[in-house]
>>> print(open('work-v7.csv').read())   # CSV, C-alpha atoms
chain,number,residue,atom,x,y,z
A,22,MET,CA,11.9,35.0,-16.2
A,23,THR,CA,8.1,34.9,-16.4
A,24,LYS,CA,6.3,34.8,-19.7
A,25,SER,CA,5.7,38.5,-19.5
A,26,GLY,CA,9.4,39.1,-20.1
A,27,ASP,CA,12.0,37.9,-22.5
A,28,PRO,CA,13.1,34.2,-22.3
A,29,THR,CA,16.0,33.3,-20.1
A,30,ARG,CA,19.0,32.6,-22.3
A,31,CYS,CA,21.5,29.8,-21.9
A,32,ASP,CA,23.6,27.6,-24.1
A,33,VAL,CA,21.9,24.3,-23.3
A,34,VAL,CA,18.7,23.3,-21.7
A,35,VAL,CA,18.7,19.7,-20.2
A,36,ILE,CA,15.2,18.3,-19.8
A,37,GLY,CA,15.1,15.8,-17.0
A,38,GLY,CA,16.9,15.6,-13.6
A,39,GLY,CA,17.7,11.9,-13.5
A,40,LEU,CA,21.3,10.8,-13.5
A,41,GLN,CA,21.6,11.0,-17.3
A,42,GLY,CA,20.5,14.6,-17.2
A,43,LEU,CA,22.6,15.5,-14.1
A,44,SER,CA,25.7,13.9,-15.6
A,45,SER,CA,25.0,15.7,-18.9
A,46,ALA,CA,24.7,19.0,-17.1
A,47,TYR,CA,27.9,18.3,-15.2
A,48,HIS,CA,29.9,17.5,-18.3
A,49,LEU,CA,28.5,20.3,-20.3
A,50,ALA,CA,29.2,22.9,-17.6
A,51,LYS,CA,32.7,21.4,-17.3
A,52,ARG,CA,33.1,22.2,-21.0
A,53,GLY,CA,32.3,25.8,-20.3
A,54,LEU,CA,28.7,26.0,-21.5
A,55,SER,CA,25.9,27.8,-19.6
A,56,VAL,CA,23.4,25.0,-18.7
A,57,THR,CA,19.9,25.0,-17.3
A,58,LEU,CA,18.4,21.7,-16.2
A,59,LEU,CA,14.6,21.5,-15.8
A,60,GLU,CA,13.2,18.7,-13.7
A,61,ALA,CA,9.4,18.1,-13.4
A,62,GLU,CA,9.5,16.8,-9.9
A,63,TYR,CA,12.8,16.4,-7.9
A,64,CYS,CA,16.1,15.1,-9.2
A,65,GLY,CA,16.3,11.3,-9.1
A,66,ARG,CA,12.6,10.8,-8.5
A,67,HIS,CA,12.1,7.9,-10.9
A,68,ALA,CA,14.5,5.5,-12.5
A,69,SER,CA,17.6,7.1,-11.0
A,70,GLY,CA,16.3,6.8,-7.5
A,71,VAL,CA,14.3,3.6,-7.9
A,72,ASN,CA,17.0,1.2,-8.9
A,73,ALA,CA,19.2,-1.3,-7.1
A,74,GLY,CA,22.4,0.8,-7.6
A,75,GLY,CA,24.2,-1.9,-9.5
A,76,VAL,CA,27.5,-0.9,-10.9
A,77,ARG,CA,27.5,-3.6,-13.5
A,78,SER,CA,29.6,-4.2,-16.6
A,79,LEU,CA,28.5,-7.9,-16.3
A,80,GLY,CA,26.0,-9.2,-18.8
A,81,ARG,CA,25.8,-6.1,-20.9
A,82,HIS,CA,24.6,-5.9,-24.4
A,83,VAL,CA,27.7,-6.0,-26.5
A,84,ALA,CA,27.1,-2.5,-27.9
A,85,GLU,CA,27.0,-1.1,-24.3
A,86,ILE,CA,30.2,-2.7,-23.1
A,87,PRO,CA,32.6,0.1,-24.2
A,88,ILE,CA,30.4,2.7,-22.5
A,89,SER,CA,30.1,0.5,-19.4
A,90,LEU,CA,33.9,0.0,-19.2
A,91,MET,CA,34.4,3.8,-19.7
A,92,ALA,CA,32.1,4.4,-16.8
A,93,LEU,CA,33.7,1.8,-14.6
A,94,ASP,CA,37.3,2.8,-15.3
A,95,ASP,CA,37.1,6.6,-15.6
A,96,TYR,CA,34.4,7.2,-13.0
A,97,TRP,CA,33.2,4.6,-10.6
A,98,HIS,CA,36.6,3.5,-9.4
A,99,ARG,CA,37.7,7.1,-9.0
A,100,MET,CA,34.5,8.9,-8.1
A,101,PRO,CA,35.9,11.0,-5.3
A,102,ASP,CA,38.2,12.6,-7.8
A,103,VAL,CA,35.3,13.3,-10.2
A,104,VAL,CA,32.5,14.6,-8.0
A,105,GLY,CA,34.2,14.8,-4.5
A,106,HIS,CA,32.2,11.9,-3.1
A,107,ASP,CA,32.5,8.1,-3.5
A,108,CYS,CA,28.7,7.8,-4.1
A,109,GLY,CA,28.6,4.8,-1.8
A,110,PHE,CA,30.5,2.7,-4.3
A,111,VAL,CA,31.6,-0.7,-3.1
A,112,GLY,CA,33.7,-2.8,-5.3
A,113,SER,CA,32.1,-6.0,-4.2
A,114,GLY,CA,32.3,-7.7,-7.7
A,115,GLN,CA,29.2,-9.0,-9.4
A,116,LEU,CA,28.3,-12.6,-9.9
A,117,GLN,CA,25.7,-14.0,-12.4
A,118,LEU,CA,24.7,-17.4,-11.2
A,119,ALA,CA,24.2,-20.5,-13.3
A,120,GLU,CA,21.7,-22.9,-11.7
A,121,ASN,CA,22.1,-25.9,-14.1
A,122,GLU,CA,24.4,-27.3,-16.8
A,123,ALA,CA,22.5,-25.6,-19.6
A,124,GLU,CA,23.1,-22.2,-18.1
A,125,MET,CA,26.8,-23.1,-17.6
A,126,GLN,CA,27.0,-23.7,-21.3
A,127,VAL,CA,25.4,-20.3,-21.9
A,128,ALA,CA,28.0,-18.7,-19.6
A,129,ALA,CA,30.9,-20.4,-21.5
A,130,GLU,CA,29.5,-19.2,-24.9
A,131,ARG,CA,29.0,-15.7,-23.6
A,132,VAL,CA,32.5,-15.3,-22.2
A,133,ALA,CA,34.0,-16.9,-25.3
A,134,LEU,CA,32.2,-14.4,-27.5
A,135,LEU,CA,33.4,-11.4,-25.4
A,136,ASN,CA,37.0,-12.7,-25.5
A,137,SER,CA,36.8,-13.0,-29.3
A,138,LEU,CA,35.8,-9.3,-29.3
A,139,GLY,CA,38.7,-8.3,-27.1
A,140,PHE,CA,36.7,-7.9,-23.8
A,141,HIS,CA,38.1,-9.8,-20.8
A,142,HIS,CA,36.1,-8.3,-17.9
A,143,GLU,CA,33.9,-11.4,-17.4
A,144,GLU,CA,35.1,-14.9,-16.5
A,145,VAL,CA,33.4,-18.3,-16.1
A,146,ILE,CA,33.8,-19.8,-12.6
A,147,ASP,CA,32.8,-23.2,-11.3
A,148,ALA,CA,30.7,-24.2,-8.3
A,149,ALA,CA,33.7,-24.3,-5.9
A,150,TYR,CA,34.6,-20.7,-6.8
A,151,VAL,CA,31.0,-19.6,-6.3
A,152,ARG,CA,31.0,-21.2,-2.9
A,153,LYS,CA,34.3,-19.5,-2.0
A,154,LEU,CA,32.7,-16.1,-2.9
A,155,VAL,CA,29.3,-16.9,-1.4
A,156,PRO,CA,29.5,-19.8,1.1
A,157,SER,CA,25.8,-19.5,2.0
A,158,ILE,CA,24.6,-20.1,-1.6
A,159,SER,CA,22.2,-23.0,-2.3
A,160,PRO,CA,24.0,-26.3,-3.2
A,161,HIS,CA,22.2,-26.6,-6.5
A,162,VAL,CA,24.1,-23.7,-8.1
A,163,HIS,CA,26.6,-25.0,-10.7
A,164,GLY,CA,28.8,-21.9,-11.3
A,165,GLY,CA,28.5,-18.6,-13.0
A,166,ILE,CA,30.1,-15.5,-14.6
A,167,TRP,CA,32.2,-13.3,-12.4
A,168,ALA,CA,33.1,-9.6,-12.9
A,169,LYS,CA,35.5,-8.7,-10.1
A,170,ARG,CA,35.7,-4.9,-10.7
A,171,ASP,CA,31.9,-4.4,-10.6
A,172,GLY,CA,29.9,-3.6,-7.5
A,173,TYR,CA,27.2,-1.3,-6.3
A,174,ALA,CA,26.7,2.3,-5.3
A,175,LEU,CA,23.9,4.3,-3.6
A,176,PRO,CA,21.6,6.0,-6.0
A,177,PHE,CA,20.6,8.9,-3.7
A,178,GLN,CA,24.2,9.8,-2.9
A,179,THR,CA,25.1,9.6,-6.6
A,180,VAL,CA,22.2,11.9,-7.6
A,181,VAL,CA,23.2,14.4,-4.9
A,182,ALA,CA,26.9,14.3,-5.8
A,183,PHE,CA,26.3,14.9,-9.5
A,184,LYS,CA,23.7,17.6,-8.7
A,185,HIS,CA,26.0,19.4,-6.4
A,186,SER,CA,29.0,19.1,-8.8
A,187,ALA,CA,27.0,20.4,-11.7
A,188,SER,CA,25.8,23.4,-9.6
A,189,GLN,CA,29.3,24.1,-8.5
A,190,LEU,CA,30.4,24.3,-12.1
A,191,GLY,CA,27.6,26.9,-12.8
A,192,ALA,CA,24.7,24.7,-14.0
A,193,HIS,CA,21.3,26.1,-13.0
A,194,ILE,CA,19.2,23.2,-11.7
A,195,GLN,CA,15.5,24.0,-11.4
A,196,GLU,CA,13.1,21.4,-9.9
A,197,GLN,CA,9.3,21.3,-9.9
A,198,SER,CA,9.5,22.7,-13.5
A,199,PRO,CA,7.9,20.3,-15.9
A,200,VAL,CA,8.6,21.2,-19.6
A,201,LEU,CA,5.4,21.5,-21.6
A,202,LYS,CA,6.7,22.0,-25.1
A,203,VAL,CA,9.8,22.9,-27.1
A,204,GLU,CA,9.7,24.9,-30.3
A,205,SER,CA,12.3,26.3,-32.7
A,206,HIS,CA,12.9,30.0,-33.2
A,207,GLY,CA,15.3,30.4,-36.1
A,208,ALA,CA,18.6,29.0,-34.9
A,209,ASP,CA,17.4,28.8,-31.3
A,210,TRP,CA,15.1,26.7,-29.3
A,211,VAL,CA,12.5,28.0,-26.8
A,212,VAL,CA,11.6,25.6,-24.0
A,213,HIS,CA,8.3,26.3,-22.2
A,214,THR,CA,7.3,25.5,-18.7
A,215,ALA,CA,4.0,26.7,-17.1
A,216,THR,CA,5.6,30.0,-16.0
A,217,GLN,CA,8.8,30.4,-17.8
A,218,GLU,CA,10.5,30.3,-21.2
A,219,PHE,CA,14.1,29.4,-21.8
A,220,ARG,CA,15.9,30.2,-25.0
A,221,CYS,CA,19.0,28.1,-25.9
A,222,GLY,CA,21.1,26.8,-28.8
A,223,HIS,CA,20.8,23.2,-27.9
A,224,ILE,CA,18.4,20.9,-26.0
A,225,VAL,CA,19.4,17.6,-24.3
A,226,ASN,CA,16.5,15.3,-23.9
A,227,THR,CA,17.1,13.1,-20.9
A,228,ALA,CA,13.4,13.0,-19.7
A,229,GLY,CA,13.3,9.3,-19.1
A,230,ALA,CA,9.8,7.8,-19.4
A,231,TRP,CA,8.6,11.2,-20.8
A,232,ALA,CA,11.4,11.7,-23.3
A,233,ASN,CA,9.5,10.0,-26.1
A,234,GLY,CA,6.9,12.8,-25.9
A,235,PHE,CA,9.5,15.4,-26.7
A,236,ALA,CA,10.9,13.2,-29.5
A,237,ARG,CA,7.3,13.0,-30.8
A,238,GLN,CA,7.2,16.9,-30.9
A,239,LEU,CA,10.2,16.7,-33.3
A,240,GLY,CA,8.6,14.1,-35.5
A,241,GLU,CA,10.7,11.1,-34.4
A,242,GLU,CA,8.6,9.1,-32.0
A,243,THR,CA,10.2,5.8,-30.9
A,244,PRO,CA,8.6,2.5,-29.8
A,245,ALA,CA,9.5,3.2,-26.2
A,246,GLU,CA,7.1,1.7,-23.6
A,247,THR,CA,6.5,3.1,-20.1
A,248,ASN,CA,6.5,0.7,-17.1
A,249,GLY,CA,7.0,0.8,-13.4
A,250,LEU,CA,10.0,-0.6,-11.6
A,251,MET,CA,10.0,-1.9,-8.0
A,252,LEU,CA,12.5,-2.7,-5.3
A,253,MET,CA,12.1,-4.2,-1.9
A,254,VAL,CA,14.4,-4.2,1.2
A,255,THR,CA,14.4,-6.7,4.0
A,256,GLN,CA,15.0,-6.4,7.7
A,257,ARG,CA,18.6,-6.6,8.9
A,258,VAL,CA,20.1,-10.0,9.0
A,259,ALA,CA,23.6,-11.3,9.8
A,260,PRO,CA,26.2,-10.8,7.0
A,261,PHE,CA,26.0,-13.7,4.5
A,262,VAL,CA,26.9,-12.4,1.0
A,263,ARG,CA,29.5,-9.9,-0.2
A,264,PRO,CA,29.2,-9.9,-4.1
A,265,THR,CA,26.2,-8.4,-5.9
A,266,LEU,CA,24.3,-11.2,-7.4
A,267,GLY,CA,22.3,-11.8,-10.6
A,268,ALA,CA,21.1,-14.9,-12.3
A,269,LEU,CA,21.5,-16.3,-15.9
A,270,GLY,CA,18.1,-18.0,-16.0
A,271,ARG,CA,15.7,-15.6,-14.2
A,272,PRO,CA,15.5,-12.0,-13.2
A,273,LEU,CA,17.5,-11.1,-10.1
A,274,SER,CA,19.4,-8.2,-8.6
A,275,PHE,CA,20.5,-8.9,-5.0
A,276,LYS,CA,22.9,-7.3,-2.5
A,277,GLN,CA,23.4,-7.0,1.2
A,278,PHE,CA,24.5,-3.7,2.6
A,279,ASP,CA,26.8,-3.3,5.5
A,280,ASN,CA,23.9,-2.5,7.8
A,281,GLY,CA,22.5,-6.1,7.2
A,282,THR,CA,19.6,-5.1,5.0
A,283,VAL,CA,19.1,-6.9,1.7
A,284,VAL,CA,17.9,-5.0,-1.4
A,285,ILE,CA,16.1,-7.1,-4.0
A,286,GLY,CA,15.3,-6.1,-7.6
A,287,GLY,CA,15.9,-7.3,-11.1
A,288,SER,CA,13.3,-6.2,-13.6
A,289,LEU,CA,10.5,-6.2,-11.0
A,290,MET,CA,7.8,-4.7,-13.2
A,291,CYS,CA,4.5,-3.1,-12.3
A,292,GLU,CA,2.0,-0.8,-14.0
A,293,ALA,CA,2.8,2.9,-14.4
A,294,ASP,CA,0.7,5.9,-15.0
A,295,GLU,CA,2.7,8.2,-17.2
A,296,VAL,CA,0.3,11.1,-16.8
A,297,ALA,CA,0.0,10.9,-13.0
A,298,ARG,CA,3.8,10.2,-12.9
A,299,CYS,CA,3.5,7.2,-10.5
A,300,ALA,CA,3.7,3.4,-10.4
A,301,ASP,CA,1.9,0.9,-8.2
A,302,ALA,CA,3.6,-2.0,-6.5
A,303,ASN,CA,2.6,-5.5,-7.8
A,304,ALA,CA,2.5,-8.1,-5.0
A,305,ALA,CA,2.5,-11.0,-7.4
A,306,ALA,CA,5.8,-9.9,-9.0
A,307,LEU,CA,7.3,-9.2,-5.7
A,308,TYR,CA,6.4,-12.7,-4.5
A,309,LYS,CA,8.0,-14.3,-7.5
A,310,SER,CA,11.2,-12.4,-6.9
A,311,ALA,CA,11.2,-13.3,-3.2
A,312,GLN,CA,10.8,-17.0,-4.3
A,313,THR,CA,14.0,-16.7,-6.4
A,314,VAL,CA,15.9,-15.3,-3.4
A,315,THR,CA,14.8,-18.1,-1.1
A,316,ASP,CA,15.6,-20.7,-3.7
A,317,LEU,CA,19.2,-19.4,-3.6
A,318,PHE,CA,19.3,-18.6,0.1
A,319,PRO,CA,16.8,-20.9,2.0
A,320,HIS,CA,17.8,-19.4,5.3
A,321,LEU,CA,16.0,-16.1,4.2
A,322,THR,CA,12.6,-17.8,4.0
A,323,HIS,CA,11.2,-16.2,7.1
A,324,VAL,CA,13.0,-12.8,6.8
A,325,ALA,CA,10.5,-9.9,6.7
A,326,ILE,CA,10.3,-7.3,3.9
A,327,ASN,CA,10.4,-3.9,5.4
A,328,ARG,CA,9.7,-1.6,2.5
A,329,VAL,CA,8.7,-1.6,-1.2
A,330,TRP,CA,8.9,1.3,-3.6
A,331,ALA,CA,8.4,2.0,-7.3
A,332,GLY,CA,9.2,4.5,-10.0
A,333,VAL,CA,8.7,5.0,-13.8
A,334,GLU,CA,11.1,4.0,-16.5
A,335,ALA,CA,11.2,3.9,-20.4
A,336,PHE,CA,11.9,0.6,-22.0
A,337,MET,CA,13.1,0.1,-25.6
A,338,PRO,CA,12.1,-3.0,-27.6
A,339,ASP,CA,15.8,-3.9,-28.1
A,340,SER,CA,16.7,-3.1,-24.5
A,341,ILE,CA,19.4,-0.6,-25.3
A,342,PRO,CA,19.0,3.2,-25.1
A,343,VAL,CA,18.8,6.0,-27.5
A,344,ILE,CA,22.0,8.1,-27.4
A,345,SER,CA,21.8,10.2,-30.5
A,346,PRO,CA,21.4,13.5,-32.1
A,347,SER,CA,18.0,14.2,-33.4
A,348,SER,CA,17.4,12.8,-36.9
A,349,THR,CA,15.0,15.6,-37.8
A,350,VAL,CA,16.3,18.9,-36.4
A,351,GLN,CA,19.5,20.5,-35.5
A,352,GLY,CA,20.4,21.3,-31.9
A,353,VAL,CA,18.8,18.4,-30.1
A,354,THR,CA,20.5,15.4,-28.5
A,355,HIS,CA,18.6,12.5,-27.0
A,356,ALA,CA,19.7,10.1,-24.2
A,357,PHE,CA,16.8,8.0,-22.9
A,358,GLY,CA,15.2,4.5,-22.9
A,359,PHE,CA,17.8,2.9,-20.6
A,360,SER,CA,15.4,0.0,-19.9
A,361,ALA,CA,16.3,-0.4,-16.2
A,362,HIS,CA,20.1,-0.6,-16.6
A,363,GLY,CA,21.2,3.0,-17.0
A,364,PHE,CA,22.6,3.7,-13.5
A,365,GLN,CA,26.1,2.4,-14.0
A,366,LEU,CA,26.3,4.0,-17.5
A,367,SER,CA,25.3,7.5,-16.4
A,368,PRO,CA,28.7,9.1,-15.7
A,369,ALA,CA,29.9,8.1,-19.2
A,370,ILE,CA,26.6,9.0,-20.8
A,371,GLY,CA,27.0,12.6,-19.7
A,372,ARG,CA,30.4,12.7,-21.1
A,373,LEU,CA,29.3,11.3,-24.5
A,374,VAL,CA,26.4,13.7,-24.6
A,375,SER,CA,28.7,16.6,-24.0
A,376,GLU,CA,30.9,15.4,-26.8
A,377,LEU,CA,27.9,15.2,-29.2
A,378,VAL,CA,26.9,18.8,-28.2
A,379,CYS,CA,30.3,20.4,-28.2
A,380,ASP,CA,32.3,18.4,-30.8
A,381,GLY,CA,29.6,17.1,-33.1
A,382,ARG,CA,30.8,13.5,-32.5
A,383,ALA,CA,31.4,11.1,-29.6
A,384,SER,CA,34.6,9.4,-28.6
A,385,LEU,CA,32.9,6.0,-28.8
A,386,ASP,CA,30.9,4.5,-31.6
A,387,LEU,CA,27.3,5.2,-30.9
A,388,ARG,CA,25.7,4.0,-34.1
A,389,ALA,CA,23.9,1.1,-32.4
A,390,PHE,CA,22.1,3.7,-30.2
A,391,SER,CA,20.8,5.9,-33.1
A,392,ILE,CA,17.2,7.1,-32.9
A,393,THR,CA,16.9,6.1,-36.6
A,394,ARG,CA,17.3,2.4,-35.9
A,395,PHE,CA,13.6,2.0,-35.3
A,396,GLN,CA,12.7,3.7,-38.6
A,397,GLU,CA,15.2,1.4,-40.3
A,398,SER,CA,13.7,-1.7,-38.8
A,399,GLY,CA,10.2,-0.6,-39.7
A,400,ASP,CA,9.1,-0.7,-36.0
A,401,HIS,CA,6.9,2.3,-35.4
A,402,SER,CA,4.8,0.7,-32.7
A,403,SER,CA,4.3,2.5,-29.4
>>> encode(input="work-v7.csv", output="C-alpha cells")
Amino acid sequence: MTKSGDPTRCDVVVIGGGLQGLSSAYHLAKRGLSVTLLEAEYCGRHASGVNAGGVRSLGRHVAEIPISLMALDDYWHRMPDVVGHDCGFVGSGQLQLAENEAEMQVAAERVALLNSLGFHHEEVIDAAYVRKLVPSISPHVHGGIWAKRDGYALPFQTVVAFKHSASQLGAHIQEQSPVLKVESHGADWVVHTATQEFRCGHIVNTAGAWANGFARQLGEETPAETNGLMLMVTQRVAPFVRPTLGALGRPLSFKQFDNGTVVIGGSLMCEADEVARCADANAAALYKSAQTVTDLFPHLTHVAINRVWAGVEAFMPDSIPVISPSSTVQGVTHAFGFSAHGFQLSPAIGRLVSELVCDGRASLDLRAFSITRFQESGDHSS
C-alpha cells in the first residue's frame, strides 16, 4: 500500500533477498507466518550470486561446524525433497591441499582437534591419495584434508529454488524495494521503502553488506566491513579434476563443471562502493589467484579467462557471522556478516532464524554468533 494509506500488515518483514533472507522467508512461511521479503535490487544480486557455490563443511570455524553439518545432512544431500530442485548440487567432495610438510602438520593438528570435539567429517590424506583423487595435480603437493560429503552447487539455481518455494508457501517477495528505515510503533515495527510502509511484529535483518546500517538504527552497530568479491571462469577444457579444491596455505576455491569450464575464487577481494551498490574487479588480485591455479595445474597456463564478475559482501573481524536476536530491542533478529562463506550454511540459517522468531531459542547453540560479542570485546571499530 502507498504511504497515503495504512501500512501493509504481516507477521514478519525480511530485509534482504540473498539466500539467508530467502531461506528465512521459506522457513518462516513454513511455520505458518505471513512473510514479506523486501529486496533492494533483485534476489541473489550480491554475495548469494557472486560466490563459487562451494558446499563446504571443510575448514570451517569450529563454532560453525554444527550449522554446516545441519545444512549438509538435512538440506544439501536431500534438496529435491526440500525445495523440489537439486540446486545443481554435486557431491564431488572437497579437498584442501597441503603444499609442504609444514602445512601437512597443520592438517594433522586440525583433524586431531576436530576428532577430540566429536567431529569426524574431515580426514588427512597423503600425496598418493591426493593423486588418486586428482591425477593432474602438480607433483609438489604433499597431501591434504578431505571431506568426502562436501561438493558444490549452482548459486543461481539455489536462489531461484528458495525464492519459488518461499512464494509457494505464501511469502510475498518484492524486489526493487530498498528499505530506507525501520521504526517501532508500540509493539509493532514499521518498515519504510520509498513508496510503501509495512507493519509487522518482527523484522529479520538479512541485508548482507547493508545489514549493519539497520543494526546501527537500533543502536547496535558492529565492526562489519564492506568489500567486493570476485570470481572468474575459464574457457572449456578437457575434464581434469572432480573434487572441489581449496588450499591450506593460500586462498583458493576451484572447481570444474561438467561443461569443462573452471570457476576460480577464494577470497578474491576488490573495492566496493556500498552506496552505489557495486564492486570493481581488481586485475592484480585476479592475476595472483590465476598464479595459484597454474602452480597447481601447470597445463592451465595458457587457458583463457572468459568472464569476471563481482558483488558486495559484509566481513566480520572474527570471520563468523552474526546470527542473533537484537540486543537492544524486541522483535528483531539479525543474520549477516557471513564473510564470503555463507552459501553452504544458508538452508540451515533460515531454519535457525525461524526458530529464534517463533520459539525464542534455536536448536543449536548460537552464543558464538551473538551481536553482543563485539561490545564484550571492546571492538567498536567500523
>>> residues_around(input="work-v7.csv", residues="Gly281 (chain A)", least_positions_apart="6", cutoff="9 Å", atoms="only C-alpha atoms", output="list in words")
Thr255, Gln256, Arg257, Val258, Ala259, Pro260 and Phe261 of chain A
>>> closest_residue(input="work-v7.csv", among="A:Ala182, A:Cys299, A:Val132, A:Ile158", to="Thr315 (chain A)", atoms="all atoms listed in the file")
A:Ile158
>>> closest_residue(input="work-v7.csv", among="A:Val56, A:Ala306, A:Ala68, A:Ala174", to="Gly112 (chain A)", atoms="only C-alpha atoms")
A:Ala174
>>> residues_around(input="work-v7.csv", residues="Val151 (chain A)", least_positions_apart="5", cutoff="9 Å", atoms="only C-alpha atoms", output="PyMOL selection string")
chain A and resi 116+118+146+156+158+162-165+167
>>> closest_residue(input="work-v7.csv", among="A:Ser69, A:Arg237, A:Pro319, A:Leu366", to="Pro87 (chain A)", atoms="all atoms listed in the file")
A:Leu366
>>> residues_near_point(input="work-v7.csv", point="(16.0, -3.1, -27.2)", cutoff="12 Å", atoms="all atoms listed in the file", output="PyMOL selection string")
chain A and resi 82+84-85+243-246+335-343+357-362+389-392+394-395+398+400
>>> closest_residue(input="work-v7.csv", among="A:Trp231, A:Phe183, A:Phe278, A:Phe219", to="Asp107 (chain A)", atoms="only C-alpha atoms")
A:Phe183
>>> closest_residue(input="work-v7.csv", among="A:Leu59, A:Arg220, A:Leu175, A:Met253", to="Ile326 (chain A)", atoms="all atoms listed in the file")
A:Met253
>>> closest_residue(input="work-v7.csv", among="A:Gln351, A:Thr393, A:Asn72, A:Thr216", to="Trp330 (chain A)", atoms="only C-alpha atoms")
A:Asn72
>>> residues_around(input="work-v7.csv", residues="Ser347 (chain A)", least_positions_apart="4", cutoff="12 Å", atoms="all atoms listed in the file", output="PyMOL selection string")
chain A and resi 223-226+233+235-243+343+351-356+377-378+381+390-393
>>> residues_around(input="work-v7.csv", residues="Arg382 (chain A)", least_positions_apart="2", cutoff="12 Å", atoms="all atoms listed in the file", output="PyMOL selection string")
chain A and resi 344-346+354+372-380+384-388
>>> write_last_selection(input="work-v7.csv", atoms="C-alpha atoms", output="PDB file, in the frame of the given file")
ATOM      1  CA  ILE A 344      22.000   8.100 -27.400  1.00  0.00           C
ATOM      2  CA  SER A 345      21.800  10.200 -30.500  1.00  0.00           C
ATOM      3  CA  PRO A 346      21.400  13.500 -32.100  1.00  0.00           C
ATOM      4  CA  THR A 354      20.500  15.400 -28.500  1.00  0.00           C
ATOM      5  CA  ARG A 372      30.400  12.700 -21.100  1.00  0.00           C
ATOM      6  CA  LEU A 373      29.300  11.300 -24.500  1.00  0.00           C
ATOM      7  CA  VAL A 374      26.400  13.700 -24.600  1.00  0.00           C
ATOM      8  CA  SER A 375      28.700  16.600 -24.000  1.00  0.00           C
ATOM      9  CA  GLU A 376      30.900  15.400 -26.800  1.00  0.00           C
ATOM     10  CA  LEU A 377      27.900  15.200 -29.200  1.00  0.00           C
ATOM     11  CA  VAL A 378      26.900  18.800 -28.200  1.00  0.00           C
ATOM     12  CA  CYS A 379      30.300  20.400 -28.200  1.00  0.00           C
ATOM     13  CA  ASP A 380      32.300  18.400 -30.800  1.00  0.00           C
ATOM     14  CA  SER A 384      34.600   9.400 -28.600  1.00  0.00           C
ATOM     15  CA  LEU A 385      32.900   6.000 -28.800  1.00  0.00           C
ATOM     16  CA  ASP A 386      30.900   4.500 -31.600  1.00  0.00           C
ATOM     17  CA  LEU A 387      27.300   5.200 -30.900  1.00  0.00           C
ATOM     18  CA  ARG A 388      25.700   4.000 -34.100  1.00  0.00           C
TER      19      ARG A 388
END
>>> atom_distance(input="work-v7.csv", atom1="CA of Gln178 (chain A)", atom2="CA of Asp102 (chain A)")
15.1 Å
>>> atom_distance(input="work-v7.csv", atom1="CA of Glu144 (chain A)", atom2="CA of Glu120 (chain A)")
16.3 Å
>>> atom_distance(input="work-v7.csv", atom1="CA of Val283 (chain A)", atom2="CA of Gly42 (chain A)")
28.7 Å
>>> residues_around(input="work-v7.csv", residues="Gly191 (chain A)", least_positions_apart="4", cutoff="8 Å", atoms="only C-alpha atoms", output="ChimeraX atom specification")
/A:50,55-56,187
